[in-house]
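One file, work_7.tsv, carrying TSV, C-alpha atoms:
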```tsv
chain	number	residue	atom	x	y	z
X	80	THR	CA	53.77	-12.99	-36.89
X	81	ASP	CA	56.06	-11.29	-34.35
X	82	GLY	CA	59.75	-11.65	-35.09
X	83	MET	CA	59.20	-12.55	-38.75
X	84	VAL	CA	59.86	-10.29	-41.73
X	85	LYS	CA	57.70	-10.72	-44.78
X	86	LYS	CA	59.91	-10.71	-47.86
X	87	SER	CA	58.64	-8.97	-50.96
X	88	LYS	CA	58.77	-10.77	-54.29
X	89	PRO	CA	61.68	-9.70	-56.52
X	90	HIS	CA	61.30	-7.76	-59.71
X	91	LEU	CA	62.01	-9.98	-62.73
X	92	PHE	CA	63.68	-8.76	-65.91
X	93	LEU	CA	64.07	-11.01	-68.94
X	94	ILE	CA	66.22	-9.56	-71.74
X	95	THR	CA	66.23	-11.37	-75.08
X	96	LEU	CA	68.69	-10.68	-77.90
X	97	ASP	CA	67.77	-11.61	-81.45
X	98	ASP	CA	70.07	-13.58	-83.79
X	99	VAL	CA	73.18	-13.00	-81.68
X	100	GLY	CA	75.81	-15.61	-82.50
X	101	HIS	CA	77.30	-17.87	-79.86
X	102	ASN	CA	80.74	-16.43	-80.59
X	103	ASP	CA	79.47	-12.82	-80.29
X	104	ILE	CA	79.27	-12.87	-76.48
X	105	GLY	CA	82.50	-11.88	-74.74
X	106	TRP	CA	82.80	-14.52	-72.03
X	107	ILE	CA	82.04	-17.29	-74.58
X	108	SER	CA	83.87	-15.95	-77.63
X	109	ARG	CA	87.04	-17.67	-78.74
X	110	ASP	CA	88.52	-14.61	-80.43
X	111	MET	CA	86.53	-11.55	-79.23
X	112	PRO	CA	86.69	-11.52	-75.41
X	113	GLY	CA	85.95	-7.78	-75.36
X	114	ALA	CA	82.86	-8.02	-77.54
X	115	SER	CA	80.31	-7.43	-74.77
X	116	PRO	CA	81.92	-5.82	-71.71
X	117	VAL	CA	78.66	-4.98	-69.91
X	118	LEU	CA	77.19	-8.44	-70.41
X	119	SER	CA	80.47	-10.04	-69.41
X	120	GLU	CA	80.55	-8.00	-66.20
X	121	MET	CA	76.98	-9.05	-65.40
X	122	ALA	CA	77.84	-12.67	-66.09
X	123	SER	CA	80.84	-12.51	-63.76
X	124	GLN	CA	78.52	-11.49	-60.92
X	125	GLY	CA	75.73	-13.94	-61.69
X	126	ILE	CA	75.04	-17.49	-62.77
X	127	ILE	CA	75.87	-18.62	-66.30
X	128	PHE	CA	73.67	-21.36	-67.76
X	129	ASP	CA	75.91	-23.07	-70.29
X	130	ASN	CA	73.88	-26.20	-70.96
X	131	TYR	CA	70.43	-25.48	-72.29
X	132	TYR	CA	68.08	-26.10	-75.19
X	133	GLY	CA	67.08	-23.29	-77.52
X	134	GLN	CA	65.68	-22.61	-80.97
X	135	THR	CA	67.48	-20.89	-83.81
X	136	THR	CA	64.58	-18.94	-85.32
X	137	CYS	CA	62.23	-16.23	-84.13
X	138	THR	CA	58.78	-17.67	-83.44
X	139	PRO	CA	59.86	-21.11	-82.15
X	140	ALA	CA	62.28	-19.46	-79.70
X	141	ARG	CA	59.61	-17.11	-78.38
X	142	SER	CA	57.04	-19.88	-78.11
X	143	THR	CA	59.31	-21.78	-75.72
X	144	ILE	CA	60.27	-18.67	-73.71
X	145	MET	CA	56.66	-17.65	-73.17
X	146	SER	CA	55.14	-21.12	-72.68
X	147	GLY	CA	57.95	-23.00	-70.93
X	148	LYS	CA	57.31	-25.90	-73.29
X	149	PHE	CA	59.33	-27.62	-76.00
X	150	THR	CA	58.24	-26.76	-79.53
X	151	HIS	CA	56.61	-30.16	-80.13
X	152	ARG	CA	54.23	-29.16	-77.34
X	153	THR	CA	53.39	-25.79	-78.86
X	154	GLY	CA	53.20	-26.76	-82.55
X	155	PHE	CA	56.01	-24.39	-83.51
X	156	GLN	CA	58.82	-26.79	-84.39
X	157	ASP	CA	59.46	-24.93	-87.66
X	158	GLN	CA	56.55	-22.50	-87.90
X	159	GLU	CA	57.58	-18.89	-88.48
X	160	MET	CA	55.03	-16.10	-88.25
X	161	THR	CA	54.61	-14.13	-91.45
X	162	VAL	CA	52.54	-11.05	-92.06
X	163	TYR	CA	49.65	-13.23	-93.29
X	164	SER	CA	49.82	-15.95	-90.60
X	165	ASP	CA	46.39	-16.66	-89.11
X	166	PHE	CA	47.47	-18.66	-86.07
X	167	SER	CA	49.17	-18.25	-82.71
X	168	LEU	CA	50.02	-20.16	-79.57
X	169	ALA	CA	46.85	-21.85	-78.36
X	170	VAL	CA	44.81	-19.23	-76.50
X	171	ASN	CA	44.06	-21.73	-73.71
X	172	MET	CA	47.79	-22.07	-73.03
X	173	THR	CA	48.92	-20.07	-69.99
X	174	LEU	CA	51.93	-17.93	-70.88
X	175	LEU	CA	54.63	-16.65	-68.54
X	176	PRO	CA	53.19	-13.17	-67.88
X	177	ALA	CA	49.75	-14.59	-67.09
X	178	ALA	CA	51.26	-17.08	-64.65
X	179	LEU	CA	53.22	-14.31	-62.93
X	180	LYS	CA	50.18	-12.04	-62.75
X	181	ALA	CA	48.37	-14.83	-60.92
X	182	GLY	CA	51.21	-14.58	-58.39
X	183	GLY	CA	50.73	-10.85	-57.87
X	184	TYR	CA	53.01	-9.39	-60.55
X	185	LYS	CA	52.39	-6.58	-63.02
X	186	ALA	CA	53.67	-7.64	-66.44
X	187	TYR	CA	55.21	-5.39	-69.06
X	188	GLY	CA	56.71	-6.16	-72.45
X	189	VAL	CA	58.88	-4.21	-74.86
X	190	GLY	CA	60.12	-5.36	-78.25
X	191	LYS	CA	59.55	-8.21	-80.63
X	192	TRP	CA	56.41	-10.32	-80.05
X	193	ASN	CA	56.15	-12.48	-83.21
X	194	LEU	CA	53.66	-14.93	-81.66
X	195	GLY	CA	50.49	-14.00	-83.50
X	196	HIS	CA	48.70	-10.83	-84.58
X	197	CYS	CA	45.81	-11.54	-86.95
X	198	ASN	CA	43.30	-11.77	-84.08
X	199	ILE	CA	43.13	-9.36	-81.17
X	200	ALA	CA	43.08	-12.36	-78.82
X	201	TYR	CA	46.61	-13.22	-80.00
X	202	MET	CA	48.12	-9.88	-79.05
X	203	PRO	CA	50.39	-9.70	-76.00
X	204	TRP	CA	48.08	-7.53	-73.88
X	205	ASN	CA	45.55	-10.37	-74.15
X	206	ARG	CA	48.10	-13.04	-73.25
X	207	GLY	CA	48.99	-11.74	-69.81
X	208	PHE	CA	50.87	-8.48	-70.32
X	209	ASP	CA	49.47	-5.30	-68.81
X	210	LYS	CA	51.33	-3.16	-71.32
X	211	PHE	CA	53.44	-3.95	-74.36
X	212	PHE	CA	55.35	-1.68	-76.75
X	213	THR	CA	55.86	-3.99	-79.68
X	214	GLN	CA	56.61	-5.03	-83.19
X	215	THR	CA	54.46	-8.01	-84.08
X	216	MET	CA	56.57	-9.40	-86.93
X	217	SER	CA	60.00	-11.03	-87.15
X	218	GLY	CA	61.74	-7.97	-88.55
X	219	ILE	CA	61.16	-4.29	-89.24
X	220	HIS	CA	63.25	-1.48	-90.66
X	221	TYR	CA	65.28	-0.16	-87.75
X	222	TYR	CA	64.30	3.47	-88.37
X	223	ASN	CA	60.97	3.65	-90.21
X	224	HIS	CA	59.59	0.49	-88.55
X	225	THR	CA	57.93	-0.94	-91.64
X	226	HIS	CA	57.87	-4.70	-92.16
X	227	ASP	CA	57.00	-4.85	-95.84
X	228	THR	CA	54.84	-3.28	-98.51
X	229	MET	CA	51.44	-4.42	-99.74
X	230	HIS	CA	49.96	-3.85	-103.18
X	231	TYR	CA	46.20	-3.41	-103.27
X	232	ASP	CA	43.83	-1.97	-105.85
X	233	GLY	CA	46.62	-0.36	-107.82
X	234	ALA	CA	48.27	1.29	-104.82
X	235	THR	CA	51.25	0.38	-102.63
X	236	TYR	CA	51.09	0.61	-98.84
X	237	ASP	CA	53.80	0.40	-96.21
X	238	LEU	CA	53.04	-2.12	-93.46
X	239	TYR	CA	53.96	-0.17	-90.33
X	240	ASP	CA	54.69	-2.44	-87.38
X	241	LEU	CA	55.30	-0.60	-84.12
X	242	LEU	CA	52.44	-0.51	-81.63
X	243	GLU	CA	51.65	0.65	-78.12
X	244	GLY	CA	49.06	-1.50	-76.38
X	245	GLU	CA	47.66	-2.20	-72.95
X	246	ALA	CA	45.12	-4.47	-71.32
X	247	ASP	CA	41.73	-3.25	-70.14
X	248	ASP	CA	38.40	-4.78	-69.19
X	249	GLY	CA	37.75	-5.71	-72.80
X	250	MET	CA	40.20	-6.91	-75.44
X	251	GLY	CA	42.77	-4.19	-74.87
X	252	THR	CA	43.54	-0.95	-76.64
X	253	PHE	CA	46.41	-0.17	-78.97
X	254	LYS	CA	47.62	2.38	-81.46
X	255	PRO	CA	50.49	2.80	-83.93
X	256	ALA	CA	53.56	4.27	-82.23
X	257	LEU	CA	54.09	6.87	-84.93
X	258	ASP	CA	56.07	9.23	-82.69
X	259	TYR	CA	59.04	6.86	-82.93
X	260	GLN	CA	59.53	7.05	-86.69
X	261	GLY	CA	63.16	7.87	-87.33
X	262	ILE	CA	64.32	6.47	-83.97
X	263	TYR	CA	66.49	3.36	-84.03
X	264	SER	CA	64.38	0.49	-82.69
X	265	THR	CA	66.96	-0.55	-80.07
X	266	ASN	CA	66.84	2.95	-78.59
X	267	ALA	CA	63.03	3.06	-78.77
X	268	TYR	CA	62.78	-0.23	-76.91
X	269	GLN	CA	65.32	0.76	-74.29
X	270	ASP	CA	63.57	4.08	-73.65
X	271	ASN	CA	60.17	2.45	-73.26
X	272	ALA	CA	61.53	-0.20	-70.91
X	273	LEU	CA	62.94	2.54	-68.69
X	274	THR	CA	59.63	4.42	-68.88
X	275	TYR	CA	57.72	1.32	-67.73
X	276	ILE	CA	60.15	0.77	-64.86
X	277	GLU	CA	59.96	4.38	-63.68
X	278	ALA	CA	56.16	4.52	-63.96
X	279	HIS	CA	55.76	1.24	-62.08
X	280	ASN	CA	58.08	2.32	-59.25
X	281	LYS	CA	56.19	5.60	-58.94
X	282	GLU	CA	52.80	3.87	-58.84
X	283	TYR	CA	53.95	1.05	-56.55
X	284	PRO	CA	56.74	2.40	-54.30
X	285	ASP	CA	58.71	0.17	-51.94
X	286	ASN	CA	58.08	-2.84	-54.18
X	287	VAL	CA	54.55	-3.33	-52.86
X	288	VAL	CA	53.72	-4.85	-56.27
X	289	PRO	CA	56.52	-6.72	-58.07
X	290	MET	CA	57.03	-6.23	-61.77
X	291	PHE	CA	57.98	-8.55	-64.61
X	292	LEU	CA	59.53	-6.95	-67.69
X	293	TRP	CA	60.35	-8.79	-70.91
X	294	LEU	CA	62.70	-6.68	-73.04
X	295	ALA	CA	62.90	-8.47	-76.37
X	296	PHE	CA	65.31	-6.49	-78.52
X	297	HIS	CA	64.94	-6.54	-82.28
X	298	GLY	CA	68.72	-6.42	-82.80
X	299	VAL	CA	70.78	-7.86	-84.23
X	300	HIS	CA	68.22	-9.24	-86.67
X	301	SER	CA	69.25	-8.44	-90.24
X	302	ASP	CA	66.85	-5.76	-91.45
X	303	GLY	CA	67.13	-2.39	-93.16
X	304	GLY	CA	68.59	0.64	-91.45
X	305	ASP	CA	72.24	0.74	-90.48
X	306	PRO	CA	72.83	2.16	-86.99
X	307	LYS	CA	74.10	5.70	-86.57
X	308	TRP	CA	76.89	5.01	-84.13
X	309	GLU	CA	76.92	8.48	-82.65
X	310	GLU	CA	73.40	7.75	-81.41
X	311	MET	CA	74.38	4.36	-80.03
X	312	SER	CA	77.15	5.86	-77.90
X	313	GLU	CA	74.61	7.90	-75.98
X	314	THR	CA	72.59	4.90	-74.75
```
Target encoding structure tokens, full file:
Amino acid sequence: TDGMVKKSKPHLFLITLDDVGHNDIGWISRDMPGASPVLSEMASQGIIFDNYYGQTTCTPARSTIMSGKFTHRTGFQDQEMTVYSDFSLAVNMTLLPAALKAGGYKAYGVGKWNLGHCNIAYMPWNRGFDKFFTQTMSGIHYYNHTHDTMHYDGATYDLYDLLEGEADDGMGTFKPALDYQGIYSTNAYQDNALTYIEAHNKEYPDNVVPMFLWLAFHGVHSDGGDPKWEEMSET
């Protein structure tokens, strides 16, 4: 109507760190106040939630983040996804990206999924995400992106776990992200998050379509592959 300005919906960015200790964050730390200068600066300009409920392990934490429910509602009180797990969050449960898409958002994900992989219906691009650059398991080698090895018929195989997937009219398409072998996973995830942001802004200028991005870093989960610090300083 005349005299009224229609406000666009804000972009939403959810960044998740993995296995970071309570004392590892600068503004909380008792003895390392300079541990996270960028995060501390962001916190000083925002709102700090210092009374909340969370889970201490991978899959239960993600089940609550994506569903908005306590673990006794999702069945993941102490269930951890392994490479052979044949279950996931109930497929009739609406997850965060699907709820946001119903509100007009495009949903992107980058990083650690760990909520089910043995059935294509469990993959993130079939749970509400339009695109997801992901590892499906709890941990992978930071550089070669393998989760484990499998012995079959006298041979040994590396279980590579870095995928690029997107939704379509069917059950989605995905492929191994082999071009990232040798790249530290934190850098690979950061680069893909920026790529999604840039591509979205180019396709939908002036925020005509809001975006939701979940950046679920693998670090600092204890897996193989020590960081090369000269690479870290460039990001």
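Computed from the coordinates, the CA of Thr138 (chain X) to CA of Thr252 (chain X) distance equals 23.6 Å.
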*asked:* Please determine, counting all atoms listed in the file, which residue among X:Lys185, X:His220, X:His226, X:Lys307 has the shortest atom-to-atom distance to Gly207 (chain X).
replied: X:Lys185
As JSON, what would the box around region 103-117 of chain X look like: edges along x, y and z, 3 Å added on every side, centre and edge lengths in Å to one decimal?
```
{"center_x": 83.6, "center_y": -11.3, "center_z": -75.2, "size_x": 15.9, "size_y": 18.7, "size_z": 16.5}
```
*Out of X:Thr274, X:Leu294, X:Leu241, X:Tyr222, which residue has the shortest atom-to-atom distance to Gly261 (chain X) when counting all atoms listed in the file?*
X:Tyr222
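Our summary of the geometry notes that CA of Ser301 (chain X) is positioned 26.1 Å from CA of Thr153 (chain X).
For the atom pair formed by CA of Tyr263 (chain X) and CA of Asp97 (chain X), the distance is 15.2 Å, given to one decimal.
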Which polymer residues, protein or nucleic acid, are no farther than 7 Å from (52.2, -5.4, -71.0), counting all atoms listed in the file, as a PDB file with C-alpha atoms, in the coordinates of the input?
```pdb
ATOM      1  CA  ALA X 186      53.670  -7.640 -66.440  1.00  0.00           C
ATOM      2  CA  TYR X 187      55.210  -5.390 -69.060  1.00  0.00           C
ATOM      3  CA  GLY X 188      56.710  -6.160 -72.450  1.00  0.00           C
ATOM      4  CA  PRO X 203      50.390  -9.700 -76.000  1.00  0.00           C
ATOM      5  CA  TRP X 204      48.080  -7.530 -73.880  1.00  0.00           C
ATOM      6  CA  PHE X 208      50.870  -8.480 -70.320  1.00  0.00           C
ATOM      7  CA  ASP X 209      49.470  -5.300 -68.810  1.00  0.00           C
ATOM      8  CA  LYS X 210      51.330  -3.160 -71.320  1.00  0.00           C
ATOM      9  CA  PHE X 211      53.440  -3.950 -74.360  1.00  0.00           C
ATOM     10  CA  GLU X 245      47.660  -2.200 -72.950  1.00  0.00           C
TER      11      GLU X 245
END
```
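Counting all atoms listed in the file and comparing X:Met216, X:Leu93, X:Met121, X:Leu273, the residue that lies closest to Trp106 (chain X) is X:Met121.
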*Give as a PyMOL selection string the set of residues within 8 Å of the point (49.8, -2.9, -83.1), where distances use the file's coordinates and all atoms listed in the file.*
chain X and resi 213-215+240-244+253-255
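Distances here use all atoms listed in the file; by that measure, the residue among X:Gly218, X:Gly133, X:Pro306, X:Gly113 closest to Leu238 (chain X) is X:Gly218.
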*Polymer residues at most 12 Å from region 175-183 of chain X, only C-alpha atoms, same-chain spacing of 6 or more positions, as number ranges by chain*: X: 87-93, 141-148, 203-211, 246, 286-293
*Name the residues in contact with Glu159 (chain X) at a cut-off of 8 Å, using all atoms listed in the file, excluding same-chain residues fewer than 6 positions from it; report them as a PyMOL selection string.*
chain X and resi 136-139
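Of the residues under consideration (X:Leu168, X:Met160, X:Ala140, X:Ile219), X:Met160 shows the shortest atom-to-atom contact distance to Asn193 (chain X) when counting all atoms listed in the file.
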*asked:* Would you pick out the contacts of Ser123 (chain X) at 12 Å or less, using all atoms listed in the file, so that residues sharing its chain but fewer than 5 positions from it are not included, and give the list as a ChimeraX atom specification?
replied: /X:105-107,116-118
Keeping only C-alpha atoms, take the residues you just selected and write them out as a compact mmCIF listing (two decimals), keeping the file's coordinate frame.
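part-v9.txt, freshly written:
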```
# COMPACT_ATOMS: atom_id res chain seq x y z
CA GLY X 105 82.50 -11.88 -74.74
CA TRP X 106 82.80 -14.52 -72.03
CA ILE X 107 82.04 -17.29 -74.58
CA PRO X 116 81.92 -5.82 -71.71
CA VAL X 117 78.66 -4.98 -69.91
CA LEU X 118 77.19 -8.44 -70.41
```
Repaired coordinates for region 212-242 of chain X (N, CA and C atoms) as a PDB file, in the frame of the given file:
```
ATOM      1  N   PHE X 212      54.922  -2.544 -75.639  1.00  0.00           N
ATOM      2  CA  PHE X 212      55.350  -1.680 -76.750  1.00  0.00           C
ATOM      3  C   PHE X 212      56.043  -2.620 -77.732  1.00  0.00           C
ATOM      4  N   THR X 213      55.477  -2.804 -78.919  1.00  0.00           N
ATOM      5  CA  THR X 213      55.860  -3.990 -79.680  1.00  0.00           C
ATOM      6  C   THR X 213      55.918  -3.824 -81.190  1.00  0.00           C
ATOM      7  N   GLN X 214      56.729  -4.667 -81.785  1.00  0.00           N
ATOM      8  CA  GLN X 214      56.610  -5.030 -83.190  1.00  0.00           C
ATOM      9  C   GLN X 214      56.037  -6.441 -83.194  1.00  0.00           C
ATOM     10  N   THR X 215      55.108  -6.700 -84.084  1.00  0.00           N
ATOM     11  CA  THR X 215      54.460  -8.010 -84.080  1.00  0.00           C
ATOM     12  C   THR X 215      55.172  -9.009 -84.986  1.00  0.00           C
ATOM     13  N   MET X 216      55.962  -8.524 -85.936  1.00  0.00           N
ATOM     14  CA  MET X 216      56.570  -9.400 -86.930  1.00  0.00           C
ATOM     15  C   MET X 216      58.033  -9.715 -86.585  1.00  0.00           C
ATOM     16  N   SER X 217      58.630 -10.578 -87.408  1.00  0.00           N
ATOM     17  CA  SER X 217      60.000 -11.030 -87.150  1.00  0.00           C
ATOM     18  C   SER X 217      61.010  -9.900 -87.320  1.00  0.00           C
ATOM     19  N   GLY X 218      60.784  -9.033 -88.292  1.00  0.00           N
ATOM     20  CA  GLY X 218      61.740  -7.970 -88.550  1.00  0.00           C
ATOM     21  C   GLY X 218      61.070  -6.721 -89.074  1.00  0.00           C
ATOM     22  N   ILE X 219      61.640  -5.570 -88.735  1.00  0.00           N
ATOM     23  CA  ILE X 219      61.160  -4.290 -89.240  1.00  0.00           C
ATOM     24  C   ILE X 219      62.384  -3.438 -89.573  1.00  0.00           C
ATOM     25  N   HIS X 220      62.180  -2.434 -90.392  1.00  0.00           N
ATOM     26  CA  HIS X 220      63.250  -1.480 -90.660  1.00  0.00           C
ATOM     27  C   HIS X 220      63.593  -0.781 -89.344  1.00  0.00           C
ATOM     28  N   TYR X 221      64.865  -0.664 -89.056  1.00  0.00           N
ATOM     29  CA  TYR X 221      65.280  -0.160 -87.750  1.00  0.00           C
ATOM     30  C   TYR X 221      64.881   1.290 -87.503  1.00  0.00           C
ATOM     31  N   TYR X 222      64.641   2.059 -88.561  1.00  0.00           N
ATOM     32  CA  TYR X 222      64.300   3.470 -88.370  1.00  0.00           C
ATOM     33  C   TYR X 222      62.857   3.818 -88.742  1.00  0.00           C
ATOM     34  N   ASN X 223      62.350   3.284 -89.864  1.00  0.00           N
ATOM     35  CA  ASN X 223      60.970   3.650 -90.210  1.00  0.00           C
ATOM     36  C   ASN X 223      59.952   2.617 -89.747  1.00  0.00           C
ATOM     37  N   HIS X 224      60.425   1.485 -89.223  1.00  0.00           N
ATOM     38  CA  HIS X 224      59.590   0.490 -88.550  1.00  0.00           C
ATOM     39  C   HIS X 224      58.521  -0.142 -89.436  1.00  0.00           C
ATOM     40  N   THR X 225      58.815  -0.224 -90.737  1.00  0.00           N
ATOM     41  CA  THR X 225      57.930  -0.940 -91.640  1.00  0.00           C
ATOM     42  C   THR X 225      58.443  -2.369 -91.822  1.00  0.00           C
ATOM     43  N   HIS X 226      57.497  -3.298 -91.953  1.00  0.00           N
ATOM     44  CA  HIS X 226      57.870  -4.700 -92.160  1.00  0.00           C
ATOM     45  C   HIS X 226      57.975  -5.036 -93.639  1.00  0.00           C
ATOM     46  N   ASP X 227      57.063  -4.502 -94.433  1.00  0.00           N
ATOM     47  CA  ASP X 227      57.000  -4.850 -95.840  1.00  0.00           C
ATOM     48  C   ASP X 227      56.086  -3.840 -96.523  1.00  0.00           C
ATOM     49  N   THR X 228      55.820  -4.075 -97.788  1.00  0.00           N
ATOM     50  CA  THR X 228      54.840  -3.280 -98.510  1.00  0.00           C
ATOM     51  C   THR X 228      53.739  -4.205 -99.020  1.00  0.00           C
ATOM     52  N   MET X 229      52.559  -3.653 -99.217  1.00  0.00           N
ATOM     53  CA  MET X 229      51.440  -4.420 -99.740  1.00  0.00           C
ATOM     54  C   MET X 229      50.855  -3.677-100.934  1.00  0.00           C
ATOM     55  N   HIS X 230      50.561  -4.429-101.982  1.00  0.00           N
ATOM     56  CA  HIS X 230      49.960  -3.850-103.180  1.00  0.00           C
ATOM     57  C   HIS X 230      48.477  -4.205-103.208  1.00  0.00           C
ATOM     58  N   TYR X 231      47.650  -3.179-103.281  1.00  0.00           N
ATOM     59  CA  TYR X 231      46.200  -3.410-103.270  1.00  0.00           C
ATOM     60  C   TYR X 231      45.497  -2.368-104.117  1.00  0.00           C
ATOM     61  N   ASP X 232      44.688  -2.839-105.037  1.00  0.00           N
ATOM     62  CA  ASP X 232      43.830  -1.970-105.850  1.00  0.00           C
ATOM     63  C   ASP X 232      44.648  -0.884-106.555  1.00  0.00           C
ATOM     64  N   GLY X 233      45.799  -1.270-107.062  1.00  0.00           N
ATOM     65  CA  GLY X 233      46.620  -0.360-107.820  1.00  0.00           C
ATOM     66  C   GLY X 233      47.499   0.561-107.005  1.00  0.00           C
ATOM     67  N   ALA X 234      47.455   0.438-105.694  1.00  0.00           N
ATOM     68  CA  ALA X 234      48.270   1.290-104.820  1.00  0.00           C
ATOM     69  C   ALA X 234      49.207   0.439-103.969  1.00  0.00           C
ATOM     70  N   THR X 235      50.268   1.061-103.478  1.00  0.00           N
ATOM     71  CA  THR X 235      51.250   0.380-102.630  1.00  0.00           C
ATOM     72  C   THR X 235      51.224   1.004-101.239  1.00  0.00           C
ATOM     73  N   TYR X 236      51.167   0.146-100.223  1.00  0.00           N
ATOM     74  CA  TYR X 236      51.090   0.610 -98.840  1.00  0.00           C
ATOM     75  C   TYR X 236      52.237   0.041 -98.022  1.00  0.00           C
ATOM     76  N   ASP X 237      52.800   0.874 -97.153  1.00  0.00           N
ATOM     77  CA  ASP X 237      53.800   0.400 -96.210  1.00  0.00           C
ATOM     78  C   ASP X 237      53.083  -0.270 -95.031  1.00  0.00           C
ATOM     79  N   LEU X 238      53.600  -1.419 -94.601  1.00  0.00           N
ATOM     80  CA  LEU X 238      53.040  -2.120 -93.460  1.00  0.00           C
ATOM     81  C   LEU X 238      53.814  -1.701 -92.217  1.00  0.00           C
ATOM     82  N   TYR X 239      53.294  -0.705 -91.514  1.00  0.00           N
ATOM     83  CA  TYR X 239      53.960  -0.170 -90.330  1.00  0.00           C
ATOM     84  C   TYR X 239      53.734  -1.118 -89.155  1.00  0.00           C
ATOM     85  N   ASP X 240      54.797  -1.403 -88.413  1.00  0.00           N
ATOM     86  CA  ASP X 240      54.690  -2.440 -87.380  1.00  0.00           C
ATOM     87  C   ASP X 240      55.396  -2.017 -86.097  1.00  0.00           C
ATOM     88  N   LEU X 241      54.853  -0.992 -85.454  1.00  0.00           N
ATOM     89  CA  LEU X 241      55.300  -0.600 -84.120  1.00  0.00           C
ATOM     90  C   LEU X 241      54.070  -0.089 -83.379  1.00  0.00           C
ATOM     91  N   LEU X 242      53.696  -0.777 -82.302  1.00  0.00           N
ATOM     92  CA  LEU X 242      52.440  -0.510 -81.630  1.00  0.00           C
ATOM     93  C   LEU X 242      52.638  -0.297 -80.133  1.00  0.00           C
TER      94      LEU X 242
END
```
